[in-house]
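Next up, model.cif (mmCIF, C-alpha atoms and all ligand atoms):
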```cif
data_upload
#
loop_
_atom_site.group_PDB
_atom_site.id
_atom_site.type_symbol
_atom_site.label_atom_id
_atom_site.label_comp_id
_atom_site.auth_asym_id
_atom_site.auth_seq_id
_atom_site.Cartn_x
_atom_site.Cartn_y
_atom_site.Cartn_z
ATOM 1 C CA MET L 1 20.737 107.867 222.820
ATOM 2 C CA PHE L 2 17.678 107.917 225.052
ATOM 3 C CA ILE L 3 15.960 104.587 225.745
ATOM 4 C CA THR L 4 12.812 104.254 227.838
ATOM 5 C CA PHE L 5 10.964 101.296 229.299
ATOM 6 C CA GLU L 6 7.214 101.489 229.656
ATOM 7 C CA GLY L 7 4.316 99.271 230.570
ATOM 8 C CA PRO L 8 1.460 98.635 232.973
ATOM 9 C CA ASP L 9 2.157 97.933 236.646
ATOM 10 C CA GLY L 10 3.659 94.487 237.182
ATOM 11 C CA CYS L 11 5.063 94.170 233.637
ATOM 12 C CA GLY L 12 8.597 93.700 235.000
ATOM 13 C CA LYS L 13 10.039 96.849 233.495
ATOM 14 C CA SER L 14 12.231 97.752 236.483
ATOM 15 C CA THR L 15 14.008 94.388 236.262
ATOM 16 C CA GLN L 16 14.241 94.487 232.474
ATOM 17 C CA SER L 17 15.415 98.091 232.240
ATOM 18 C CA ARG L 18 18.141 97.447 234.802
ATOM 19 C CA LEU L 19 19.307 94.299 233.034
ATOM 20 C CA MET L 20 19.413 96.133 229.711
ATOM 21 C CA ALA L 21 21.390 99.033 231.186
ATOM 22 C CA GLU L 22 23.920 96.533 232.595
ATOM 23 C CA LYS L 23 24.126 94.770 229.250
ATOM 24 C CA LEU L 24 24.826 98.040 227.413
ATOM 25 C CA GLU L 25 27.522 98.955 229.926
ATOM 26 C CA ALA L 26 29.110 95.539 229.528
ATOM 27 C CA ALA L 27 29.089 96.146 225.768
ATOM 28 C CA GLY L 28 31.152 99.305 226.369
ATOM 29 C CA TYR L 29 28.509 102.032 226.207
ATOM 30 C CA ARG L 30 28.517 104.763 228.848
ATOM 31 C CA VAL L 31 25.116 104.419 230.444
ATOM 32 C CA VAL L 32 23.151 106.278 233.096
ATOM 33 C CA TYR L 33 20.228 104.318 234.504
ATOM 34 C CA THR L 34 17.368 106.282 235.995
ATOM 35 C CA ARG L 35 13.641 106.178 236.687
ATOM 36 C CA GLU L 36 10.405 108.107 237.112
ATOM 37 C CA PRO L 37 8.827 109.167 239.313
ATOM 38 C CA GLY L 38 11.705 109.860 241.710
ATOM 39 C CA GLY L 39 14.915 109.961 239.685
ATOM 40 C CA THR L 40 16.180 112.999 241.637
ATOM 41 C CA ASP L 41 16.123 114.105 245.304
ATOM 42 C CA ILE L 42 13.340 116.580 244.562
ATOM 43 C CA GLY L 43 11.586 113.943 242.452
ATOM 44 C CA ARG L 44 11.656 111.477 245.351
ATOM 45 C CA LYS L 45 9.659 113.977 247.408
ATOM 46 C CA ILE L 46 7.176 114.378 244.553
ATOM 47 C CA ARG L 47 7.013 110.572 244.247
ATOM 48 C CA GLN L 48 5.964 110.302 247.886
ATOM 49 C CA ILE L 49 3.202 112.860 247.408
ATOM 50 C CA VAL L 50 1.849 111.403 244.199
ATOM 51 C CA LEU L 51 1.901 107.744 245.307
ATOM 52 C CA SER L 52 0.783 108.175 248.919
ATOM 53 C CA ASN L 53 -2.513 106.503 249.744
ATOM 54 C CA ALA L 54 -3.173 109.447 252.084
ATOM 55 C CA ASN L 55 -3.679 111.668 249.013
ATOM 56 C CA GLU L 56 -6.772 110.007 247.616
ATOM 57 C CA GLY L 57 -8.422 113.393 247.074
ATOM 58 C CA MET L 58 -5.805 114.471 244.495
ATOM 59 C CA SER L 59 -7.321 115.915 241.308
ATOM 60 C CA PRO L 60 -6.390 114.231 238.011
ATOM 61 C CA ILE L 61 -4.864 117.486 236.753
ATOM 62 C CA ALA L 62 -2.831 117.939 239.941
ATOM 63 C CA GLU L 63 -1.625 114.352 239.506
ATOM 64 C CA ALA L 64 -0.625 114.937 235.874
ATOM 65 C CA LEU L 65 1.195 118.142 236.810
ATOM 66 C CA LEU L 66 3.067 116.479 239.685
ATOM 67 C CA TYR L 67 4.378 113.795 237.311
ATOM 68 C CA ALA L 68 5.314 116.576 234.881
ATOM 69 C CA ALA L 69 7.113 118.476 237.672
ATOM 70 C CA ASP L 70 9.047 115.331 238.620
ATOM 71 C CA ARG L 71 9.964 114.951 234.936
ATOM 72 C CA ALA L 72 11.025 118.608 234.560
ATOM 73 C CA GLN L 73 13.519 118.148 237.410
ATOM 74 C CA HIS L 74 14.621 114.798 235.990
ATOM 75 C CA VAL L 75 15.352 116.295 232.544
ATOM 76 C CA PHE L 76 17.042 119.347 234.091
ATOM 77 C CA GLU L 77 19.230 117.434 236.516
ATOM 78 C CA ILE L 78 19.919 114.044 234.928
ATOM 79 C CA ILE L 79 18.560 113.257 231.466
ATOM 80 C CA GLY L 80 19.513 116.523 229.733
ATOM 81 C CA PRO L 81 23.112 116.768 231.002
ATOM 82 C CA THR L 82 23.714 113.044 230.413
ATOM 83 C CA LEU L 83 22.544 113.190 226.800
ATOM 84 C CA LYS L 84 24.546 116.373 226.261
ATOM 85 C CA ALA L 85 27.646 114.551 227.489
ATOM 86 C CA GLY L 86 27.062 111.958 224.748
ATOM 87 C CA ARG L 87 26.048 109.172 227.091
ATOM 88 C CA VAL L 88 23.190 106.713 226.904
ATOM 89 C CA VAL L 89 20.194 107.249 229.197
ATOM 90 C CA VAL L 90 18.041 104.250 230.132
ATOM 91 C CA SER L 91 14.929 105.401 231.964
ATOM 92 C CA ASP L 92 12.318 103.293 233.696
ATOM 93 C CA ARG L 93 9.241 105.343 232.510
ATOM 94 C CA PHE L 94 8.959 108.771 230.832
ATOM 95 C CA VAL L 95 6.228 110.870 229.133
ATOM 96 C CA ASP L 96 4.378 107.857 227.666
ATOM 97 C CA SER L 97 3.444 106.857 231.250
ATOM 98 C CA SER L 98 1.628 110.167 231.642
ATOM 99 C CA PHE L 99 -0.167 109.677 228.311
ATOM 100 C CA ALA L 100 -1.378 106.228 229.375
ATOM 101 C CA TYR L 101 -2.089 106.742 233.100
ATOM 102 C CA GLN L 102 -3.242 110.385 233.182
ATOM 103 C CA ALA L 103 -4.187 111.574 229.665
ATOM 104 C CA VAL L 104 -6.199 108.484 228.704
ATOM 105 C CA ALA L 105 -6.998 106.434 231.820
ATOM 106 C CA LEU L 106 -7.753 109.459 234.024
ATOM 107 C CA ASN L 107 -9.267 111.465 231.151
ATOM 108 C CA VAL L 108 -6.994 114.462 231.568
ATOM 109 C CA GLY L 109 -6.684 114.610 227.767
ATOM 110 C CA MET L 110 -3.798 114.020 225.377
ATOM 111 C CA ALA L 111 -3.434 117.668 224.325
ATOM 112 C CA GLU L 112 -3.340 118.843 227.946
ATOM 113 C CA VAL L 113 -0.782 116.246 229.041
ATOM 114 C CA LYS L 114 1.311 116.876 225.948
ATOM 115 C CA ALA L 115 1.306 120.635 226.600
ATOM 116 C CA ALA L 116 2.373 120.208 230.248
ATOM 117 C CA ASN L 117 5.093 117.738 229.304
ATOM 118 C CA ASP L 118 6.398 119.840 226.425
ATOM 119 C CA ILE L 119 6.961 122.562 229.004
ATOM 120 C CA ALA L 120 8.525 120.064 231.435
ATOM 121 C CA THR L 121 10.884 118.428 228.956
ATOM 122 C CA GLY L 122 11.339 121.003 226.206
ATOM 123 C CA GLY L 123 9.747 118.444 223.889
ATOM 124 C CA LEU L 124 12.409 115.776 224.508
ATOM 125 C CA ARG L 125 11.424 112.372 223.132
ATOM 126 C CA PRO L 126 13.026 108.949 223.516
ATOM 127 C CA ASP L 127 14.883 107.464 220.549
ATOM 128 C CA LEU L 128 13.570 104.009 221.420
ATOM 129 C CA THR L 129 10.882 102.776 223.807
ATOM 130 C CA ILE L 130 10.403 99.195 224.943
ATOM 131 C CA LEU L 131 6.786 98.549 225.910
ATOM 132 C CA LEU L 132 6.475 95.464 228.104
ATOM 133 C CA ASP L 133 2.925 94.299 227.626
ATOM 134 C CA VAL L 134 1.003 92.393 230.249
ATOM 135 C CA ASP L 135 -2.706 92.003 230.962
ATOM 136 C CA PRO L 136 -3.775 93.844 234.136
ATOM 137 C CA ARG L 137 -4.924 90.753 236.017
ATOM 138 C CA THR L 138 -1.484 89.166 235.698
ATOM 139 C CA GLY L 139 0.337 92.458 236.290
ATOM 140 C CA ILE L 140 -1.506 93.540 239.408
ATOM 141 C CA SER L 141 -1.398 90.081 240.966
ATOM 142 C CA ARG L 142 2.393 90.108 240.413
ATOM 143 C CA VAL L 143 2.647 93.507 242.133
ATOM 144 C CA LYS L 144 0.676 92.250 245.134
ATOM 145 C CA LYS L 145 2.734 89.064 245.375
ATOM 146 C CA ALA L 146 6.069 90.940 245.179
ATOM 147 C CA LYS L 147 4.937 93.403 247.840
ATOM 148 C CA SER L 148 3.718 90.698 250.204
ATOM 149 C CA LYS L 149 7.139 89.038 249.876
ATOM 150 C CA GLY L 150 8.885 92.320 250.620
ATOM 151 C CA GLN L 151 10.482 92.438 247.136
ATOM 152 C CA ALA L 152 9.129 95.904 246.428
ATOM 153 C CA GLU L 153 8.142 99.077 248.250
ATOM 154 C CA ALA L 154 6.006 97.946 251.156
ATOM 155 C CA GLN L 155 2.469 98.913 250.183
ATOM 156 C CA VAL L 156 0.312 98.806 247.097
ATOM 157 C CA ASP L 157 0.447 102.513 246.144
ATOM 158 C CA ARG L 158 -2.336 104.939 245.185
ATOM 159 C CA ILE L 159 -2.034 104.206 241.453
ATOM 160 C CA GLU L 160 -1.622 100.412 241.732
ATOM 161 C CA ALA L 161 -4.664 100.332 244.012
ATOM 162 C CA ARG L 162 -6.950 101.534 241.179
ATOM 163 C CA ASP L 163 -9.323 98.887 239.798
ATOM 164 C CA LEU L 164 -8.563 96.431 237.005
ATOM 165 C CA GLU L 165 -10.690 98.460 234.612
ATOM 166 C CA TYR L 166 -8.348 101.451 235.067
ATOM 167 C CA HIS L 167 -5.298 99.264 234.467
ATOM 168 C CA ALA L 168 -6.949 97.737 231.376
ATOM 169 C CA VAL L 169 -7.404 101.240 229.925
ATOM 170 C CA VAL L 170 -3.730 102.001 230.706
ATOM 171 C CA ARG L 171 -2.684 98.872 228.839
ATOM 172 C CA LYS L 172 -4.850 99.665 225.822
ATOM 173 C CA ALA L 173 -3.580 103.248 225.735
ATOM 174 C CA TYR L 174 -0.003 101.937 225.586
ATOM 175 C CA LEU L 175 -0.824 99.497 222.775
ATOM 176 C CA ASP L 176 -2.585 102.274 220.827
ATOM 177 C CA MET L 177 0.496 104.495 221.175
ATOM 178 C CA ALA L 178 2.695 101.640 219.936
ATOM 179 C CA ALA L 179 0.396 101.196 216.931
ATOM 180 C CA ARG L 180 0.676 104.924 216.152
ATOM 181 C CA GLU L 181 4.466 105.023 216.558
ATOM 182 C CA PRO L 182 5.731 101.585 215.518
ATOM 183 C CA ASP L 183 9.213 102.862 214.679
ATOM 184 C CA ARG L 184 9.862 104.172 218.180
ATOM 185 C CA ILE L 185 7.753 101.934 220.426
ATOM 186 C CA LYS L 186 8.524 98.206 220.315
ATOM 187 C CA VAL L 187 6.133 95.872 222.103
ATOM 188 C CA VAL L 188 7.504 92.851 223.961
ATOM 189 C CA ASP L 189 5.093 90.327 225.457
ATOM 190 C CA ALA L 190 5.882 90.082 229.181
ATOM 191 C CA THR L 191 3.042 87.750 230.160
ATOM 192 C CA SER L 192 5.319 84.799 230.920
ATOM 193 C CA GLY L 193 7.247 86.755 233.551
ATOM 194 C CA ASP L 194 10.281 84.727 232.528
ATOM 195 C CA VAL L 195 13.104 87.225 233.126
ATOM 196 C CA ALA L 196 15.688 85.563 230.872
ATOM 197 C CA SER L 197 13.468 85.064 227.837
ATOM 198 C CA VAL L 198 11.988 88.584 228.019
ATOM 199 C CA HIS L 199 15.522 89.990 228.457
ATOM 200 C CA SER L 200 16.726 88.173 225.372
ATOM 201 C CA LYS L 201 13.894 89.666 223.272
ATOM 202 C CA VAL L 202 14.573 93.163 224.659
ATOM 203 C CA CYS L 203 18.292 92.728 223.999
ATOM 204 C CA ASP L 204 17.736 91.803 220.360
ATOM 205 C CA ILE L 205 15.676 94.945 219.806
ATOM 206 C CA VAL L 206 17.994 97.345 221.672
ATOM 207 C CA MET L 207 21.267 95.941 220.315
ATOM 208 C CA GLY L 208 19.807 95.863 216.796
ATOM 209 C CA PHE L 209 18.775 99.494 217.170
ATOM 210 C CA PHE L 210 22.197 100.528 218.481
ATOM 211 C CA SER L 211 24.013 98.873 215.596
ATOM 212 C CA SER L 212 21.617 100.373 213.032
ATOM 213 C CA LYS L 213 22.282 103.852 214.466
ATOM 214 C CA ASP L 214 26.025 103.340 214.838
ATOM 215 C CA VAL L 215 26.020 104.654 218.430
ATOM 216 C CA SER L 216 29.494 105.606 219.623
ATOM 217 C CA LYS L 217 30.972 104.042 222.768
HETATM 218 P P1 LIG X 301 6.878 102.822 239.130
HETATM 219 O O1 LIG X 301 7.995 103.461 239.885
HETATM 220 O O2 LIG X 301 7.165 102.311 237.768
HETATM 221 O O3 LIG X 301 6.235 101.679 239.970
HETATM 222 P P2 LIG X 301 6.914 100.728 241.061
HETATM 223 O O4 LIG X 301 6.136 101.039 242.284
HETATM 224 O O5 LIG X 301 6.659 99.373 240.509
HETATM 225 O O6 LIG X 301 8.366 101.058 241.144
HETATM 226 O O7 LIG X 301 5.715 103.887 238.978
HETATM 227 C C1 LIG X 301 4.949 104.265 240.059
HETATM 228 C C2 LIG X 301 3.540 104.511 239.628
HETATM 229 O O8 LIG X 301 3.422 105.786 239.000
HETATM 230 C C3 LIG X 301 3.005 103.495 238.634
HETATM 231 O O9 LIG X 301 1.778 103.009 239.132
HETATM 232 C C4 LIG X 301 2.751 104.280 237.385
HETATM 233 C C5 LIG X 301 2.576 105.671 237.877
HETATM 234 N N1 LIG X 301 2.921 106.745 236.894
HETATM 235 C C6 LIG X 301 1.912 107.528 236.346
HETATM 236 O O10 LIG X 301 0.732 107.306 236.633
HETATM 237 N N2 LIG X 301 2.244 108.545 235.495
HETATM 238 C C7 LIG X 301 3.543 108.823 235.171
HETATM 239 O O11 LIG X 301 3.809 109.768 234.392
HETATM 240 C C8 LIG X 301 4.581 108.004 235.746
HETATM 241 C C9 LIG X 301 6.024 108.273 235.435
HETATM 242 C C10 LIG X 301 4.226 106.971 236.606
#
```
Written as structure tokens, how would this file's structure read?
Ligand code: TYD
Amino acid sequence: MFITFEGPDGCGKSTQSRLMAEKLEAAGYRVVYTREPGGTDIGRKIRQIVLSNANEGMSPIAEALLYAADRAQHVFEIIGPTLKAGRVVVSDRFVDSSFAYQAVALNVGMAEVKAANDIATGGLRPDLTILLDVDPRTGISRVKKAKSKGQAEAQVDRIEARDLEYHAVVRKAYLDMAAREPDRIKVVDATSGDVASVHSKVCDIVMGFFSSKDVSK
């Protein structure tokens, strides 16, 4: 079982994905929690390159391919072997991030990003995706607040620093994907930022899905 968490910056998906992974473990499932970009040692180096504010001259295609390279390593080293071993993978971001942030919002194109990611992942797709929806004004102001309080990586990174218009396109791209794939992508409103109430909604969806699929422990 492969579960992903997606959403615009500041939607709270790192917190929610972690809480959900813990919940599944407590329920007896064997879970590996991971994230993108940077779920592997090699991926952490790619993460630094792709998020560094020093790399403002990076081409959109180079950016899309770096995320795909990070993902190829992630599938090779962590996601693939974990799924093969019959465990549950919970990942903070996967291919849908590249569709929203690069294919649509950076205009790289859906077909191009899909082709690169099919190579990177062998066409692997999540069984279930939780999309935490938040408007960009709320999301980005949360990111800035968390960073100024030292609750997150020190600086606003190269992607977060893009304007609100970019982040609004990212959000719309996610909602369009959810409308096209309602069975896989479940939207949860994360505007309130209330960790417990969002967690309870996420839990209902994930636990309901696990019982409907009779996932073994
Ligand atoms: P993330 O690690 O979720 O952010 P945080 O800094 O809150 O931990 O993701 C880092 C950034 O990378 C985020 O702005 C979204 C962006 N991103 C893409 O643009 N494309 C992708 O394919 C992925 C995985 C992330």
**Message:** List the spatial neighbours of Ile46 in chain L as a PyMOL selection string - criterion: any atom at most 12 Å away, all atoms listed in the file, same-chain residues fewer than 6 positions off excluded.
**Reply:** chain L and resi 36-40+52+62-74
Filtering to C-alpha atoms, could you give me those residues as an mmCIF file, in the coordinates of the input?
```cif
data_model
loop_
_atom_site.group_PDB
_atom_site.id
_atom_site.type_symbol
_atom_site.label_atom_id
_atom_site.label_comp_id
_atom_site.auth_asym_id
_atom_site.auth_seq_id
_atom_site.Cartn_x
_atom_site.Cartn_y
_atom_site.Cartn_z
ATOM 1 C CA GLU L 36 10.405 108.107 237.112
ATOM 2 C CA PRO L 37 8.827 109.167 239.313
ATOM 3 C CA GLY L 38 11.705 109.860 241.710
ATOM 4 C CA GLY L 39 14.915 109.961 239.685
ATOM 5 C CA THR L 40 16.180 112.999 241.637
ATOM 6 C CA SER L 52 0.783 108.175 248.919
ATOM 7 C CA ALA L 62 -2.831 117.939 239.941
ATOM 8 C CA GLU L 63 -1.625 114.352 239.506
ATOM 9 C CA ALA L 64 -0.625 114.937 235.874
ATOM 10 C CA LEU L 65 1.195 118.142 236.810
ATOM 11 C CA LEU L 66 3.067 116.479 239.685
ATOM 12 C CA TYR L 67 4.378 113.795 237.311
ATOM 13 C CA ALA L 68 5.314 116.576 234.881
ATOM 14 C CA ALA L 69 7.113 118.476 237.672
ATOM 15 C CA ASP L 70 9.047 115.331 238.620
ATOM 16 C CA ARG L 71 9.964 114.951 234.936
ATOM 17 C CA ALA L 72 11.025 118.608 234.560
ATOM 18 C CA GLN L 73 13.519 118.148 237.410
ATOM 19 C CA HIS L 74 14.621 114.798 235.990
#
```
Compile a residue-level contact table for chain L against ligand LIG 301 (chain X) at a cut-off of 8 Å, reporting for every qualifying residue the shortest atom pair and its distance in Å to one decimal, with only C-alpha atoms and all ligand atoms counted, rows ordered by chain and ascending number, as JSON lines.
```
{"residue": "L:Pro8", "atom": "CA", "partner": "X:LIG301", "partner_atom": "C4", "distance": 7.3}
{"residue": "L:Asp9", "atom": "CA", "partner": "X:LIG301", "partner_atom": "O9", "distance": 5.7}
{"residue": "L:Gly10", "atom": "CA", "partner": "X:LIG301", "partner_atom": "O5", "distance": 6.6}
{"residue": "L:Lys13", "atom": "CA", "partner": "X:LIG301", "partner_atom": "O2", "distance": 7.5}
{"residue": "L:Ser14", "atom": "CA", "partner": "X:LIG301", "partner_atom": "O6", "distance": 6.9}
{"residue": "L:Arg35", "atom": "CA", "partner": "X:LIG301", "partner_atom": "O1", "distance": 7.0}
{"residue": "L:Glu36", "atom": "CA", "partner": "X:LIG301", "partner_atom": "C9", "distance": 4.7}
{"residue": "L:Pro37", "atom": "CA", "partner": "X:LIG301", "partner_atom": "C9", "distance": 4.9}
{"residue": "L:Gly38", "atom": "CA", "partner": "X:LIG301", "partner_atom": "O1", "distance": 7.6}
{"residue": "L:Arg47", "atom": "CA", "partner": "X:LIG301", "partner_atom": "C1", "distance": 7.8}
{"residue": "L:Val50", "atom": "CA", "partner": "X:LIG301", "partner_atom": "O8", "distance": 7.8}
{"residue": "L:Leu51", "atom": "CA", "partner": "X:LIG301", "partner_atom": "C2", "distance": 6.7}
{"residue": "L:Glu63", "atom": "CA", "partner": "X:LIG301", "partner_atom": "O10", "distance": 8.0}
{"residue": "L:Ala64", "atom": "CA", "partner": "X:LIG301", "partner_atom": "O11", "distance": 7.0}
{"residue": "L:Tyr67", "atom": "CA", "partner": "X:LIG301", "partner_atom": "O11", "distance": 5.0}
{"residue": "L:Ala68", "atom": "CA", "partner": "X:LIG301", "partner_atom": "O11", "distance": 7.0}
{"residue": "L:Arg71", "atom": "CA", "partner": "X:LIG301", "partner_atom": "C9", "distance": 7.8}
{"residue": "L:Asp92", "atom": "CA", "partner": "X:LIG301", "partner_atom": "O2", "distance": 6.6}
{"residue": "L:Arg93", "atom": "CA", "partner": "X:LIG301", "partner_atom": "C9", "distance": 5.2}
{"residue": "L:Phe94", "atom": "CA", "partner": "X:LIG301", "partner_atom": "C9", "distance": 5.5}
{"residue": "L:Val95", "atom": "CA", "partner": "X:LIG301", "partner_atom": "O11", "distance": 5.9}
{"residue": "L:Asp96", "atom": "CA", "partner": "X:LIG301", "partner_atom": "O11", "distance": 7.0}
{"residue": "L:Ser97", "atom": "CA", "partner": "X:LIG301", "partner_atom": "O11", "distance": 4.3}
{"residue": "L:Ser98", "atom": "CA", "partner": "X:LIG301", "partner_atom": "O11", "distance": 3.5}
{"residue": "L:Phe99", "atom": "CA", "partner": "X:LIG301", "partner_atom": "O11", "distance": 7.3}
{"residue": "L:Ala100", "atom": "CA", "partner": "X:LIG301", "partner_atom": "N2", "distance": 7.5}
{"residue": "L:Tyr101", "atom": "CA", "partner": "X:LIG301", "partner_atom": "O10", "distance": 4.6}
{"residue": "L:Gln102", "atom": "CA", "partner": "X:LIG301", "partner_atom": "O10", "distance": 6.1}
{"residue": "L:Val143", "atom": "CA", "partner": "X:LIG301", "partner_atom": "O5", "distance": 7.3}
{"residue": "L:Ala152", "atom": "CA", "partner": "X:LIG301", "partner_atom": "O4", "distance": 7.2}
{"residue": "L:Glu153", "atom": "CA", "partner": "X:LIG301", "partner_atom": "O4", "distance": 6.6}
{"residue": "L:Val156", "atom": "CA", "partner": "X:LIG301", "partner_atom": "O4", "distance": 7.9}
{"residue": "L:Asp157", "atom": "CA", "partner": "X:LIG301", "partner_atom": "O4", "distance": 7.0}
{"residue": "L:Arg158", "atom": "CA", "partner": "X:LIG301", "partner_atom": "O9", "distance": 7.6}
{"residue": "L:Ile159", "atom": "CA", "partner": "X:LIG301", "partner_atom": "O9", "distance": 4.6}
{"residue": "L:Glu160", "atom": "CA", "partner": "X:LIG301", "partner_atom": "O9", "distance": 5.0}
```
**Asked** Expanded to explicit residues, what is the PyMOL selection byres (((chain L and resi 183) around 12) and not hetatm) for this file, as a list in words?
**Response**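 On this input, the PyMOL selection byres (((chain L and resi 183) around 12) and not hetatm) captures Pro126, Asp127, Leu128, Thr129, Ile130, Met177, Ala178, Ala179, Arg180, Glu181, Pro182, Arg184, Ile185, Lys186, Val187, Ile205 and Phe209 of chain L.
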**Message:** Please compute the CA of Ala168 in chain L-CA of Asp135 in chain L distance, one decimal, in Å.
**Reply:**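 If I compute the distance from CA of Ala168 in chain L to CA of Asp135 in chain L, I get 7.1 Å.
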**Message:** I'd like to know which of L:Ala161, L:Met207, L:Val134, L:Ile78 is closest to Val188 in chain L, using only C-alpha atoms.
**Reply:** L:Val134
**Prompt:** Hey, which of L:Leu106, L:Ala190, L:Val170, L:Leu124 ends up closest to Arg142 in chain L? Count all atoms listed in the file.
**Reply:**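 Counting all atoms listed in the file, the residue closest to Arg142 in chain L is L:Ala190.
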**Message:** Report, in Å to a single decimal, how far apart CA of Ala173 in chain L and CA of Asp204 in chain L are.
**Reply:**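 Straight-line distance from CA of Asp204 in chain L to CA of Ala173 in chain L works out to 24.8 Å.
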**Request:** Evaluate the PyMOL selection byres (((chain L and resi 29-33) around 6) and not hetatm) on the structure here and hand back the selected residues as a list of chain:residue names.
**Result:**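 Matching residues under the PyMOL selection byres (((chain L and resi 29-33) around 6) and not hetatm) are L:Leu24, L:Glu25, L:Ala27, L:Gly28, L:Thr34, L:Arg87, L:Val88, L:Val89, L:Val90, L:Ser91, L:Lys217.
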**Message:** Quick check, in Å to one decimal: how far apart do CA of Ala146 in chain L and CA of Gly7 in chain L lie?
**Reply:**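 It comes out at 16.9 Å.
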**Prompt:** Which is closest to Ile3 in chain L among L:Arg125, L:Lys172, L:His199, L:Arg162, if we use all atoms listed in the file?
**Reply:** L:Arg125
**Prompt:** Between L:Lys145, L:Lys45, L:Arg137, L:Arg171, which one has atoms that come closest to Val104 in chain L, using all atoms listed in the file?
**Reply:**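 Using all atoms listed in the file, Val104 in chain L sits closest to L:Arg171.
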